[in-house]
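Novice: Okay, here's the structure, questions in a sec.
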Amino acid sequence: MKPGRNDPCPCGSGKKYKRCCMDSVSKQHAEVFDNIEQIVAMNPNLTLDELNVVMQSRMDERNNLPNPDFCGLSSTQMINWLYAPFNELEWVTISTPEDLSASPVMRYLRLILDEAMQGDGSFKATSKGNLPTKLVRQANDALPEFAVSQNQTHISISEFSGSNEDKFNALHYSRVLAEIAGIIYRRSGRYHVKKTAQKQYQKHGIHAFFIPMLEAATSQYNWGYLDGWEYDIDLRTFWIFMLWRLQGHGCVDQLVEEVATAFPDLLLDFSSEEYLSPSQLLSALIESRFIERFLQFWGFVTVDPKRYFAETHVPRKAEMQTLLKKTFQFKTKIQ
């Protein structure tokens with residue numbers, strides 16, 4: 001079926017059809033017909049089925065060519081990274097590291113599970129439905145053990161500390177992920193660990209939940225949940241592409257440029273404000289939703305705190321952590 005003007009382009013660019021391949025359809029058709037004429041002229045005895053096989057092969061070759069807008073990825077690779085389920089991603093191996101102690105998310109999950117296991121699989125929630133103060137204090141105490149603590153200069157606005165769960169974003173994020181991943185649930189004023197999860201924890205420890213939590217974070221959790229941005233832009237679609245790029249060079253500004261080049265329609269989703277351009281707004285979302293409240297929460301990277309009132313732009317560098325390198329091994333070269 002022919003794609004509509006506003007449908008995603010079949011080439012896998014992530015752009016709308018009208019802003020991608022639609023304008024070049026005539027040229028592509030001409031190239032295809034030229035190809036057919038040449039093949040038929042050179043092989044007049046080809047059957048229709050044989051011709052279809054040859055043409056499919058030519059199309060596959062075209063789709064597997066490196067695309068400079070995708071930093072050297074082919075359309076085939078990009079389609080997989082944009083649309084494939086978590087367990088069907090290609091050109092990347094996702095593993096569970098042996099040592100998860102450097103991951104805030106997994107440390108907080110362990111605190112929750114240990115508290116529940118001491119109480120026969122459950123513990124009492126606060127009157128607001130939050131984690132008890134005891135767990136919040138324990139999570140606070142773990143901050144000095146995380147790499148991100150080196151860059152936290154103002155403890156009062158830290159994502160990794162707080163007097164209660166409402167003021168402790170990283171802990172709240174971890175609890176929400178555990179619920180989405182089907183590890184815990186709340187009922188009758190208590191948090192319960194599912195029976196199957198209890199058995200997994202007893203047999204495999206916290207490692208049993210690393211991949212399920214990561215999948216929940218990249219496919220189900222709403223990345224805009226903890227911020228005040230009004231823009232409903234789902235960066236999760238591009239998470240593996242962004243991770244690949246950032247792991248290669250660590251430069252936040254370069255990452256934003258690469259995302260804007262590969263997916264220019266994202267900039268059209270922003271309304272220009274008095275002080276921020278669409279590119280600056282995209283940068284703000286990538287920094288807050290992808291880097292600070294995903295990669296840092298997991299312990300994959302650290303990044304210097306943003307200087308909101310700096311007179312000049314200060315480029316931000318993301319420091320790759322061992323946990324990231326142990327988790328993701330890309331089979332596609334960085335261009």
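By convention here, the chains of the structure tokens are called A, B, ... in the order presented, each chain's residues are numbered starting at 1, and ligands are numbered starting at 1 in the order presented.
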Give me the residues near A:Glu179 as a PyMOL selection string, where near means some atom within 10 Å (using only C-alpha atoms) and where sequence neighbours in that chain fewer than 4 positions away do not count.
Specialist: chain A and resi 174-175+183-186+191-193+213+216
Novice: Please produce an output containing C-alpha atoms for each residue in the selection, written as a PDB file, in the first residue's frame.
Specialist:
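That gives us again19.pdb:
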```
ATOM      1  CA  SER A 174      13.324   2.883  40.148  1.00  0.00           C
ATOM      2  CA  ARG A 175      10.166   2.010  42.054  1.00  0.00           C
ATOM      3  CA  ILE A 183       8.400  -7.210  39.809  1.00  0.00           C
ATOM      4  CA  ILE A 184       6.408  -5.433  42.523  1.00  0.00           C
ATOM      5  CA  TYR A 185       2.852  -4.170  42.946  1.00  0.00           C
ATOM      6  CA  ARG A 186       0.919  -2.167  45.531  1.00  0.00           C
ATOM      7  CA  TYR A 191       4.119  -3.171  48.394  1.00  0.00           C
ATOM      8  CA  HIS A 192       4.333  -6.818  47.399  1.00  0.00           C
ATOM      9  CA  VAL A 193       6.972  -8.694  45.418  1.00  0.00           C
ATOM     10  CA  MET A 213      14.034  -3.307  34.106  1.00  0.00           C
ATOM     11  CA  ALA A 216      10.713  -1.394  30.773  1.00  0.00           C
TER      12      ALA A 216
END
```
Novice: I'd like to know which residues of stretch 12-250 of chain A are strand (DSSP E or B) (by DSSP, run on the backbone); could you write them as a PyMOL selection string?
Specialist: chain A and resi 16+66+74+92-94+122-124+184-187+190-193
Novice: Can I get the selected residues back with all heavy atoms, as a compact mmCIF listing (two decimals), in the first residue's frame?
Specialist:
```txt
# COMPACT_ATOMS: atom_id res chain seq x y z
N LYS A 16 8.71 12.02 7.96
CA LYS A 16 7.45 11.84 7.27
C LYS A 16 7.73 11.63 5.78
O LYS A 16 8.68 12.17 5.22
CB LYS A 16 6.54 13.06 7.47
CG LYS A 16 6.06 13.21 8.91
CD LYS A 16 5.16 14.42 9.07
CE LYS A 16 4.70 14.56 10.53
NZ LYS A 16 3.85 15.75 10.72
N PRO A 66 25.39 2.48 3.27
CA PRO A 66 25.53 3.46 4.36
C PRO A 66 24.87 4.79 3.99
O PRO A 66 25.01 5.26 2.86
CB PRO A 66 27.05 3.61 4.52
CG PRO A 66 27.63 2.39 3.90
CD PRO A 66 26.71 2.02 2.79
N SER A 74 22.87 1.96 7.57
CA SER A 74 22.01 1.75 6.41
C SER A 74 20.55 1.91 6.82
O SER A 74 20.22 1.92 8.01
CB SER A 74 22.24 0.36 5.83
OG SER A 74 21.75 -0.63 6.73
N VAL A 92 23.81 -5.04 18.02
CA VAL A 92 24.16 -4.69 19.39
C VAL A 92 23.88 -5.89 20.29
O VAL A 92 22.87 -6.57 20.11
CB VAL A 92 23.37 -3.45 19.89
CG1 VAL A 92 21.87 -3.69 19.84
CG2 VAL A 92 23.81 -3.05 21.29
N THR A 93 24.78 -6.15 21.20
CA THR A 93 24.58 -7.21 22.19
C THR A 93 24.37 -6.55 23.55
O THR A 93 25.17 -5.71 23.97
CB THR A 93 25.81 -8.14 22.27
OG1 THR A 93 26.03 -8.75 20.99
CG2 THR A 93 25.60 -9.22 23.31
N ILE A 94 23.28 -6.90 24.22
CA ILE A 94 22.95 -6.33 25.52
C ILE A 94 23.11 -7.42 26.58
O ILE A 94 22.42 -8.44 26.53
CB ILE A 94 21.52 -5.76 25.54
CG1 ILE A 94 21.36 -4.72 24.42
CG2 ILE A 94 21.20 -5.14 26.90
CD1 ILE A 94 19.94 -4.18 24.28
N SER A 122 6.43 -8.59 51.47
CA SER A 122 5.76 -7.30 51.35
C SER A 122 6.19 -6.37 52.48
O SER A 122 6.79 -6.80 53.47
CB SER A 122 4.24 -7.47 51.37
OG SER A 122 3.78 -7.81 52.66
N PHE A 123 5.89 -5.08 52.32
CA PHE A 123 6.11 -4.11 53.39
C PHE A 123 5.09 -2.99 53.24
O PHE A 123 4.51 -2.79 52.16
CB PHE A 123 7.55 -3.56 53.37
CG PHE A 123 7.94 -2.90 52.07
CD1 PHE A 123 7.60 -1.58 51.80
CD2 PHE A 123 8.67 -3.60 51.11
CE1 PHE A 123 7.98 -0.97 50.62
CE2 PHE A 123 9.04 -3.01 49.92
CZ PHE A 123 8.70 -1.69 49.67
N LYS A 124 4.90 -2.25 54.30
CA LYS A 124 3.87 -1.22 54.33
C LYS A 124 4.33 0.04 53.60
O LYS A 124 5.45 0.50 53.76
CB LYS A 124 3.52 -0.87 55.78
CG LYS A 124 2.33 0.08 55.92
CD LYS A 124 1.98 0.33 57.38
CE LYS A 124 0.80 1.28 57.52
NZ LYS A 124 0.46 1.52 58.95
N ILE A 184 7.14 -5.77 41.31
CA ILE A 184 6.41 -5.43 42.52
C ILE A 184 5.04 -4.85 42.16
O ILE A 184 4.81 -4.45 41.01
CB ILE A 184 7.18 -4.42 43.40
CG1 ILE A 184 7.30 -3.06 42.68
CG2 ILE A 184 8.55 -4.96 43.78
CD1 ILE A 184 7.89 -1.96 43.55
N TYR A 185 4.15 -4.81 43.13
CA TYR A 185 2.85 -4.17 42.95
C TYR A 185 2.36 -3.68 44.31
O TYR A 185 2.81 -4.17 45.35
CB TYR A 185 1.83 -5.12 42.32
CG TYR A 185 1.50 -6.33 43.15
CD1 TYR A 185 0.37 -6.34 44.00
CD2 TYR A 185 2.29 -7.48 43.10
CE1 TYR A 185 0.07 -7.45 44.77
CE2 TYR A 185 1.98 -8.60 43.87
CZ TYR A 185 0.87 -8.58 44.70
OH TYR A 185 0.57 -9.69 45.46
N ARG A 186 1.46 -2.72 44.29
CA ARG A 186 0.92 -2.17 45.53
C ARG A 186 -0.54 -2.59 45.68
O ARG A 186 -1.33 -2.48 44.73
CB ARG A 186 1.01 -0.64 45.55
CG ARG A 186 0.68 -0.01 46.90
CD ARG A 186 0.86 1.49 46.87
NE ARG A 186 -0.14 2.12 46.01
CZ ARG A 186 -0.10 3.39 45.63
NH1 ARG A 186 0.90 4.17 46.01
NH2 ARG A 186 -1.04 3.90 44.86
N ARG A 187 -0.88 -3.07 46.87
CA ARG A 187 -2.25 -3.48 47.14
C ARG A 187 -2.51 -3.38 48.63
O ARG A 187 -1.67 -3.77 49.45
CB ARG A 187 -2.50 -4.91 46.66
CG ARG A 187 -3.97 -5.36 46.77
CD ARG A 187 -4.15 -6.77 46.22
NE ARG A 187 -3.41 -7.75 47.00
CZ ARG A 187 -3.18 -8.99 46.60
NH1 ARG A 187 -3.60 -9.39 45.41
NH2 ARG A 187 -2.52 -9.83 47.38
N ARG A 190 0.19 -1.82 50.90
CA ARG A 190 1.48 -2.49 51.03
C ARG A 190 2.09 -2.74 49.64
O ARG A 190 1.38 -2.90 48.65
CB ARG A 190 1.33 -3.84 51.75
CG ARG A 190 0.79 -3.73 53.15
CD ARG A 190 0.74 -5.11 53.82
NE ARG A 190 2.08 -5.66 54.08
CZ ARG A 190 2.81 -5.36 55.14
NH1 ARG A 190 2.34 -4.52 56.06
NH2 ARG A 190 4.00 -5.90 55.31
N TYR A 191 3.41 -2.77 49.60
CA TYR A 191 4.12 -3.17 48.39
C TYR A 191 4.44 -4.65 48.50
O TYR A 191 4.97 -5.12 49.51
CB TYR A 191 5.40 -2.36 48.21
CG TYR A 191 5.14 -1.00 47.62
CD1 TYR A 191 5.17 0.15 48.41
CD2 TYR A 191 4.84 -0.87 46.27
CE1 TYR A 191 4.90 1.40 47.87
CE2 TYR A 191 4.57 0.38 45.72
CZ TYR A 191 4.61 1.50 46.52
OH TYR A 191 4.34 2.72 45.97
N HIS A 192 4.12 -5.38 47.43
CA HIS A 192 4.33 -6.82 47.40
C HIS A 192 5.30 -7.16 46.26
O HIS A 192 5.24 -6.55 45.19
CB HIS A 192 3.02 -7.56 47.16
CG HIS A 192 1.96 -7.29 48.17
ND1 HIS A 192 1.69 -8.15 49.21
CD2 HIS A 192 1.10 -6.23 48.31
CE1 HIS A 192 0.70 -7.65 49.94
NE2 HIS A 192 0.33 -6.49 49.41
N VAL A 193 6.14 -8.13 46.48
CA VAL A 193 6.97 -8.69 45.42
C VAL A 193 6.24 -9.91 44.87
O VAL A 193 5.82 -10.78 45.65
CB VAL A 193 8.36 -9.12 45.94
CG1 VAL A 193 9.19 -9.71 44.80
CG2 VAL A 193 9.08 -7.92 46.55
```
Novice: A:Leu135, A:Met42, A:Leu82, A:Ala217: which is nearest A:Thr237, counting only C-alpha atoms?
Specialist: A:Leu82
Novice: If you run DSSP on this backbone, which residues of stretch 70-233 of chain A come out as alpha helix (DSSP H), and could you give them as an MDAnalysis selection string?
Specialist: chainID A and resid 75:83 104:118 133:141 169:180 195:204 210:219
Novice: Please, what distance in Å, to one decimal, runs between atom CA of A:Lys134 and atom CA of A:Met117?
Specialist: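 Computing the Euclidean distance for atom CA of A:Lys134 and atom CA of A:Met117 yields 15.0 Å.
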Novice: I'd like the contact shell of A:Trp239 - 9 Å cut-off, only C-alpha atoms, skipping same-chain residues fewer than 2 positions apart - returned as a list of chain:residue names.
Specialist: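 Contacts, with the query itself left out: A:Trp81, A:Leu82, A:Thr218, A:Leu235, A:Arg236, A:Thr237, A:Phe241, A:Met242, A:Leu243, A:Trp244, A:Phe290.
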Novice: When you draw a straight line from atom CA of A:Leu276 to atom CA of A:Asp232, how long is it in Å?
Specialist: 17.1 Å
